[in-house]
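Structure first, commentary second.
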Amino acid sequence: MEQVELQRVEAAIEAILFTMGNSVELSRIAAAVGHDEETVKKIIHNMMDRYHEEDRGIQIIELEDAFQMCTKKEMYEYLIRVASVPKKQHLTDVLLETLSIIAYKQPVTKMDIEKIRGVKCDHAVNKLVEYSLVCEAGRLDAPGKPILFATTEEFLRCFGVSSLEELPLVKQDKLEEFRQEAEEEVQLKLDI
């Protein structure tokens with residue numbers, strides 16, 4: 001691709017990502033700029049590298065098969081000087097625990113989450129939905145048709161991963177340690 005055409009395509013991609021605000025599927029970007037998906041993906045990855053090398057205030061991130069232009073988190077302090085202070089979402093231990101269960105077991109029902117946690121999770125799930133980290137992902141084909149929950153693109157953005165495959169794996173020895181801690185907690189409650 002000649003340089004003039006490449007510059008035109010990059011400018012179009014920037015305009016699309018900037019204007020849309022949210023993530024845009026690769027197929028839609030490719031159709032808009034009139035090139036195949038593989039070529040467009042390479043161009044976007046080159047743009048991502050260049051933004052990183054030049055230490056720009058914005059970046060392009062990849063979310064599954066989509067891309068989004070956003071501000072680098074290091075720029076937050078400058079943004080709050082200009083904008084009113086945004087409400088910062090606070091993830092408590094309960095919310096993080098519930099979110100990690102959903103992330104690793106999705107799609108999952110509230111009842112499944114409660115079985116794992118051992119306590120009600122209505123408030124935690126509702127907060128995660130409010131924060132757009134979790135969404136309804138359909139209904140389970142079972143009596144009562146319980147709602148299934150899954151993580152969102154916002155979850156990927158907030159935790160800096162491109163896809164769920166990038167989530168860290170829990171090591172087998174840690175699983176055993178967690179199991180023992182849970183058994184000890186249950187025993188303590190039974191002894192009381």
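Chain labels A, B, ... are given in the sequence in which chains occur in the structure tokens; within each chain residues are numbered consecutively from 1, and ligands are likewise numbered from 1 in the order shown.
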Problem - Near-stretch 153-168 of chain A list (9 Å; only C-alpha atoms; drop same-chain fewer than 4 positions) as number ranges by chain - result: A: 23, 61-65, 103-104, 131-134
Exercise for the section: Might you pull out every residue within 10 Å of A:Cys135, with only C-alpha atoms counted and same-chain residues fewer than 3 positions away left off, and present them as a PyMOL selection string? Expected result: chain A and resi 107+125-126+128-132+138+147-153
Handout entry: Which of stretch 7-158 of chain A DSSP labels helix (DSSP H, G or I), written as a PyMOL selection string
Key = chain A and resi 7-20+26-33+37-53+73-82+93-105+110-117+122-130+153-158
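Minimum atom-to-atom distance to A:Lys110, evaluated using only C-alpha atoms, belongs to A:Lys145 out of A:Lys42, A:Lys145, A:Arg8, A:Arg81.
Ranking A:Ile29, A:His90, A:Tyr76, A:Ile102 by their shortest atom-to-atom distance to A:Ala11, with only C-alpha atoms included, puts A:Ile29 first.
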Problem - Pairwise distance for atom CA of A:Val170 and atom CA of A:Lys73, rounded to one decimal in Å - result: 27.0 Å
Handout entry: Selection near A:Lys120, 12 Å with only C-alpha atoms, sequence-local residues under 3 positions removed, as an MDAnalysis selection string
Key = chainID A and resid 94 98 109:117 123:126
Practice task
Just the strand (DSSP E) stuff from stretch 5-121 of chain A, please, per backbone DSSP, written as a list in words.
Solution key: Val24, Glu25, Ile58, Gln59, Ile60, Ile61, Glu62, Leu63, Ala66, Phe67, Gln68, Met69, Cys70 and Thr71 of chain A
